[in-house]
$ cat run_20.cif   # mmCIF, C-alpha atoms
data_work
loop_
_atom_site.label_atom_id
_atom_site.label_comp_id
_atom_site.auth_asym_id
_atom_site.auth_seq_id
_atom_site.Cartn_x
_atom_site.Cartn_y
_atom_site.Cartn_z
CA SER Y 179 72.52 134.05 192.46
CA GLN Y 180 74.13 130.99 190.95
CA THR Y 181 77.48 129.67 192.10
CA ILE Y 182 79.67 126.80 191.00
CA HIS Y 183 82.15 124.97 193.19
CA GLN Y 184 84.99 122.71 192.20
CA TRP Y 185 87.31 120.77 194.41
CA PRO Y 186 90.04 120.17 195.11
CA ALA Y 187 91.88 123.21 193.76
CA THR Y 188 95.09 121.26 193.28
CA LEU Y 189 95.84 117.57 193.22
CA VAL Y 190 99.02 115.56 192.82
CA GLN Y 191 98.50 111.90 192.01
CA PRO Y 192 100.79 109.01 191.06
CA VAL Y 193 100.42 107.26 187.72
CA GLY Y 194 97.91 104.43 187.96
CA SER Y 195 95.96 105.89 190.86
CA PRO Y 196 92.21 106.65 190.68
CA LEU Y 197 90.71 110.11 190.32
CA SER Y 198 87.54 111.81 191.43
CA LEU Y 199 86.89 115.50 190.83
CA GLU Y 200 83.63 117.00 191.97
CA CYS Y 201 81.63 119.97 190.77
CA THR Y 202 78.42 121.34 192.23
CA VAL Y 203 76.17 124.18 191.15
CA GLU Y 204 73.89 126.17 193.41
CA GLY Y 205 71.03 128.53 192.68
CA THR Y 206 69.69 126.93 189.50
CA SER Y 207 67.79 123.81 188.50
CA ASN Y 208 68.46 121.37 185.68
CA PRO Y 209 71.58 123.09 184.38
CA ASN Y 210 73.66 121.80 181.50
CA LEU Y 211 77.01 120.75 182.93
CA TYR Y 212 80.42 120.47 181.28
CA TRP Y 213 83.92 119.21 181.96
CA TYR Y 214 86.83 120.77 180.08
CA ARG Y 215 90.57 120.15 180.15
CA GLN Y 216 93.11 122.85 179.48
CA ALA Y 217 96.67 121.72 178.82
CA ALA Y 218 99.48 124.12 179.63
CA GLY Y 219 99.41 127.05 177.21
CA ARG Y 220 96.58 125.52 175.23
CA GLY Y 221 92.92 126.18 174.66
CA LEU Y 222 89.96 124.38 176.12
CA GLN Y 223 89.02 120.83 175.19
CA LEU Y 224 85.45 119.75 175.97
CA LEU Y 225 85.55 116.33 177.61
CA PHE Y 226 81.98 115.62 178.71
CA TYR Y 227 78.64 117.35 178.94
CA SER Y 228 75.33 116.51 180.54
CA VAL Y 229 71.82 117.82 179.96
CA GLY Y 230 70.25 115.91 182.86
CA ILE Y 231 70.70 113.37 185.65
CA GLY Y 232 72.39 110.24 184.36
CA GLN Y 233 72.80 111.70 180.85
CA ILE Y 234 76.45 111.93 179.86
CA SER Y 235 77.90 112.66 176.44
CA SER Y 236 81.57 112.13 175.73
CA GLU Y 237 83.36 114.34 173.25
CA VAL Y 238 86.65 112.50 172.94
CA PRO Y 239 87.78 108.97 173.73
CA GLN Y 240 90.05 108.97 176.73
CA ASN Y 241 90.96 107.53 180.07
CA LEU Y 242 88.29 109.49 181.91
CA SER Y 243 84.59 109.11 182.65
CA ALA Y 244 81.89 111.39 184.03
CA SER Y 245 78.76 110.92 186.06
CA ARG Y 246 75.85 113.06 187.18
CA PRO Y 247 74.28 111.40 190.20
CA GLN Y 248 72.27 114.47 191.19
CA ASP Y 249 70.80 117.42 189.29
CA ARG Y 250 73.55 119.85 190.28
CA GLN Y 251 76.47 117.49 190.79
CA PHE Y 252 78.96 116.50 188.13
CA ILE Y 253 81.86 114.13 188.78
CA LEU Y 254 84.93 113.41 186.67
CA SER Y 255 86.63 110.08 187.32
CA SER Y 256 89.37 107.76 186.26
CA LYS Y 257 90.26 104.25 187.38
CA LYS Y 258 93.95 104.58 186.48
CA LEU Y 259 95.57 107.91 185.76
CA LEU Y 260 98.07 108.36 182.94
CA LEU Y 261 100.79 110.98 182.70
CA SER Y 262 98.84 112.52 179.82
CA ASP Y 263 95.92 113.21 182.16
CA SER Y 264 97.81 116.11 183.71
CA GLY Y 265 96.21 119.49 183.16
CA PHE Y 266 93.79 122.08 184.40
CA TYR Y 267 90.24 120.75 184.67
CA LEU Y 268 87.34 123.13 184.50
CA CYS Y 269 83.68 122.54 185.24
CA ALA Y 270 81.01 124.82 183.78
CA TRP Y 271 77.25 125.20 183.74
CA SER Y 272 74.69 126.78 181.45
CA THR Y 273 70.93 127.30 181.41
CA GLY Y 274 70.76 126.06 177.83
CA GLY Y 275 69.88 127.60 174.48
CA ASN Y 276 72.46 130.12 173.33
CA GLN Y 277 73.30 131.26 176.84
CA PRO Y 278 76.93 131.48 177.96
CA GLN Y 279 78.65 128.95 180.14
CA HIS Y 280 79.85 129.85 183.62
CA PHE Y 281 83.02 128.31 184.96
CA GLY Y 282 84.34 127.10 188.27
CA ASP Y 283 87.82 127.94 189.52
CA GLY Y 284 89.32 124.72 188.18
CA THR Y 285 91.45 121.88 189.50
CA ARG Y 286 95.17 121.69 188.72
CA LEU Y 287 95.99 117.99 188.33
CA SER Y 288 99.61 116.86 188.27
CA ILE Y 289 100.50 113.24 187.62
CA LEU Y 290 103.84 111.96 188.89
CA ALA B 258 80.00 124.68 161.21
CA GLN B 259 80.81 127.25 163.85
CA SER B 260 84.38 128.33 164.53
CA VAL B 261 86.35 131.27 165.86
CA THR B 262 89.85 132.43 165.02
CA GLN B 263 91.81 134.67 167.34
CA LEU B 264 94.55 136.55 165.55
CA GLY B 265 97.68 136.80 167.66
CA SER B 266 98.43 134.38 170.45
CA HIS B 267 100.19 137.15 172.38
CA VAL B 268 99.51 140.88 172.46
CA SER B 269 101.58 143.36 174.44
CA VAL B 270 100.54 146.97 175.07
CA SER B 271 101.70 149.75 177.34
CA GLU B 272 99.71 150.75 180.37
CA GLY B 273 97.18 153.39 179.28
CA ALA B 274 97.26 152.32 175.63
CA LEU B 275 94.40 150.96 173.58
CA VAL B 276 93.76 147.24 173.84
CA LEU B 277 92.58 145.49 170.67
CA LEU B 278 92.14 141.72 170.62
CA ARG B 279 90.96 140.28 167.33
CA CYS B 280 88.38 137.57 166.76
CA ASN B 281 86.81 136.38 163.53
CA TYR B 282 83.98 133.89 163.47
CA SER B 283 82.41 131.48 161.07
CA SER B 284 78.78 130.56 161.52
CA SER B 285 76.05 129.12 159.36
CA VAL B 286 73.40 131.05 161.30
CA PRO B 287 73.36 134.40 163.11
CA PRO B 288 75.87 133.75 165.86
CA TYR B 289 75.88 134.20 169.59
CA LEU B 290 79.37 135.33 170.53
CA PHE B 291 81.23 135.66 173.81
CA TRP B 292 84.47 136.95 175.24
CA TYR B 293 85.93 135.37 178.34
CA VAL B 294 88.93 136.30 180.46
CA GLN B 295 91.12 133.88 182.39
CA TYR B 296 93.55 134.99 185.07
CA PRO B 297 96.37 132.60 186.04
CA ASN B 298 95.17 129.45 187.79
CA GLN B 299 91.55 130.53 187.64
CA GLY B 300 88.49 129.60 185.65
CA LEU B 301 87.07 131.60 182.76
CA GLN B 302 85.00 134.67 183.53
CA LEU B 303 82.44 136.01 181.09
CA LEU B 304 83.39 139.50 179.90
CA LEU B 305 80.52 140.12 177.52
CA LYS B 306 78.11 138.45 175.12
CA TYR B 307 76.56 139.32 171.79
CA THR B 308 73.00 138.09 171.31
CA SER B 309 71.93 140.22 168.31
CA ALA B 310 70.27 142.95 170.42
CA ALA B 311 72.97 145.55 169.67
CA THR B 312 76.14 145.46 167.61
CA LEU B 313 78.22 147.27 170.24
CA VAL B 314 78.34 145.28 173.43
CA LYS B 315 79.68 146.65 176.68
CA GLY B 316 81.12 144.29 179.23
CA ILE B 317 82.79 144.30 182.59
CA ASN B 318 86.11 145.98 183.44
CA GLY B 319 85.69 148.64 180.73
CA PHE B 320 85.82 146.21 177.80
CA GLU B 321 83.55 146.33 174.80
CA ALA B 322 83.21 144.46 171.52
CA GLU B 323 81.65 145.33 168.21
CA PHE B 324 79.87 142.79 166.05
CA LYS B 325 80.54 143.40 162.35
CA LYS B 326 78.65 140.99 160.15
CA SER B 327 80.28 142.21 156.93
CA GLU B 328 83.71 141.43 158.36
CA THR B 329 82.60 138.39 160.41
CA SER B 330 84.46 139.95 163.31
CA PHE B 331 83.91 140.48 167.01
CA HIS B 332 87.00 142.32 168.21
CA LEU B 333 87.47 143.18 171.87
CA THR B 334 88.67 146.66 172.84
CA LYS B 335 89.45 148.74 175.88
CA PRO B 336 90.45 152.41 175.55
CA SER B 337 93.09 152.41 178.26
CA ALA B 338 94.93 149.31 179.46
CA HIS B 339 95.50 148.70 183.13
CA MET B 340 98.08 146.39 184.65
CA SER B 341 95.25 144.27 186.05
CA ASP B 342 94.10 143.49 182.48
CA ALA B 343 97.01 141.10 181.99
CA ALA B 344 95.36 137.72 181.38
CA GLU B 345 94.34 135.21 178.72
CA TYR B 346 91.32 136.17 176.62
CA PHE B 347 89.10 133.73 174.75
CA CYS B 348 86.59 134.44 172.02
CA ALA B 349 83.79 131.89 171.66
CA VAL B 350 80.73 131.11 169.55
CA SER B 351 77.70 129.05 170.48
CA VAL B 352 76.75 125.92 168.56
CA PRO B 353 73.07 126.52 167.74
CA GLU B 354 72.07 123.00 166.81
CA SER B 355 73.29 121.63 170.10
CA SER B 356 70.67 121.03 172.76
CA ALA B 357 73.53 121.07 175.24
CA SER B 358 74.51 124.69 174.57
CA LYS B 359 77.98 123.77 173.45
CA ILE B 360 80.43 126.59 172.83
CA ILE B 361 83.42 126.62 170.52
CA PHE B 362 86.38 128.48 171.98
CA GLY B 363 89.22 130.16 170.17
CA SER B 364 92.79 129.30 171.03
CA GLY B 365 93.17 132.36 173.23
CA THR B 366 95.22 135.56 173.24
CA ARG B 367 97.56 136.32 176.08
CA LEU B 368 97.55 140.03 176.92
CA SER B 369 100.62 141.52 178.56
CA ILE B 370 100.74 145.08 179.89
CA ARG B 371 104.02 147.01 179.91
CA PRO B 372 104.49 149.55 182.70
#
$ encode --input "run_20.cif" --output "structure tokens"
Amino acid sequence: SQTIHQWPATLVQPVGSPLSLECTVEGTSNPNLYWYRQAAGRGLQLLFYSVGIGQISSEVPQNLSASRPQDRQFILSSKKLLLSDSGFYLCAWSTGGNQPQHFGDGTRLSIL
Amino acid sequence: AQSVTQLGSHVSVSEGALVLLRCNYSSSVPPYLFWYVQYPNQGLQLLLKYTSAATLVKGINGFEAEFKKSETSFHLTKPSAHMSDAAEYFCAVSVPESSASKIIFGSGTRLSIRP
């Protein structure tokens, strides 16, 4: 069966520090991968998605970037964090078409 | 363009009572619809999906949803609420023209269960 792992579960970072969140999927090949952000009490905002290695699409301009160095690895990064980057970050995968997305357990990011 | 609207940001029911969470969709093509549940500090878990095979869809944890094309609705129900059902629920619709299988999520409904 397929599984998705995100880490770390929680992270506290100072303003201006770098960020790297990692997501890996097991049990499937060539998945579509997604990064979402969920602000407190808000819905989900799609940040990035990828349909293959090295292929990244950005949904909104922001202080973050994403990379897909391997088929089942998706990384969310920032060179300098802003206070507004705080939130709950979720990674998801899908087999494509009209199939549902499947989510990891998320990373709670707090910026001080 | 695809969209979903969840009516009621917060729903409160008594334990044992019927749960009804409302979702209306807008889609230019026959839609693929989903309900997800999110418990505090966790990711989203797929409850059920509608893929045009049957209008009444049964999901996990005793939930079901009925697709009504005439009403453009996909409401989520459960006959008898349990305390463990307290969570945030999201209705979602797939974006068919997207090769990346993008999904549009509603704003969510927080379900509270009164003892």
$ resolve_selection --input "run_20.cif" --expression "the PyMOL selection byres ((chain Y) within 8 of (chain B))" --output "number ranges by chain"
Y: 210, 220-222, 227-229, 268, 272, 274-284, 286
$ resolve_selection --input "run_20.cif" --expression "the PyMOL selection byres ((chain Y and resi 288) around 7)" --output "PDB file with C-alpha atoms, keeping the file's coordinate frame"
ATOM      1  CA  LEU Y 189      95.840 117.570 193.220  1.00  0.00           C
ATOM      2  CA  VAL Y 190      99.020 115.560 192.820  1.00  0.00           C
ATOM      3  CA  GLN Y 191      98.500 111.900 192.010  1.00  0.00           C
ATOM      4  CA  SER Y 264      97.810 116.110 183.710  1.00  0.00           C
ATOM      5  CA  GLY Y 265      96.210 119.490 183.160  1.00  0.00           C
ATOM      6  CA  ARG Y 286      95.170 121.690 188.720  1.00  0.00           C
ATOM      7  CA  LEU Y 287      95.990 117.990 188.330  1.00  0.00           C
ATOM      8  CA  ILE Y 289     100.500 113.240 187.620  1.00  0.00           C
ATOM      9  CA  LEU Y 290     103.840 111.960 188.890  1.00  0.00           C
TER      10      LEU Y 290
END
$ resolve_selection --input "run_20.cif" --expression "the PyMOL selection byres ((chain B and resi 284) around 7)" --output "list in words"
Ala258, Gln259, Ser260, Tyr282, Ser283, Ser285, Val286, Pro287 and Pro288 of chain B
$ axis_aligned_box --input "run_20.cif" --around "stretch 350-354 of chain B" --padding-each-side "5 Å" --output "AutoDock Vina command-line options"
--center_x 76.4 --center_y 127.1 --center_z 168.6 --size_x 18.7 --size_y 18.1 --size_z 13.7
$ atom_distance --input "run_20.cif" --atom1 "atom CA of Y:Arg250" --atom2 "atom CA of Y:Ser179"
14.4 Å
$ residues_around --input "run_20.cif" --residues "stretch 233-241 of chain Y" --least-positions-apart "3" --cutoff "8 Å" --atoms "only C-alpha atoms" --output "NGL selection string"
:Y and (224-230 or 244-246 or 256 or 258-260 or 263)
$ residues_around --input "run_20.cif" --residues "B:Lys325" --least-positions-apart "2" --cutoff "12 Å" --atoms "all atoms listed in the file" --output "MDAnalysis selection string"
chainID B and resid 279:282 287:288 290 307 309 311:314 322:323 327:333
$ atom_distance --input "run_20.cif" --atom1 "atom CA of B:Val294" --atom2 "atom CA of Y:Thr188"
20.7 Å
$ atom_distance --input "run_20.cif" --atom1 "atom CA of Y:Tyr267" --atom2 "atom CA of B:Met340"
26.8 Å
$ closest_residue --input "run_20.cif" --among "Y:Gln184, Y:Thr202, Y:Thr285, Y:Gln216" --to "Y:Pro247" --atoms "only C-alpha atoms"
Y:Thr202
$ residues_around --input "run_20.cif" --residues "B:Ser271" --least-positions-apart "6" --cutoff "9 Å" --atoms "all atoms listed in the file" --output "VMD selection string"
chain B and resid 338 to 340 369 to 372
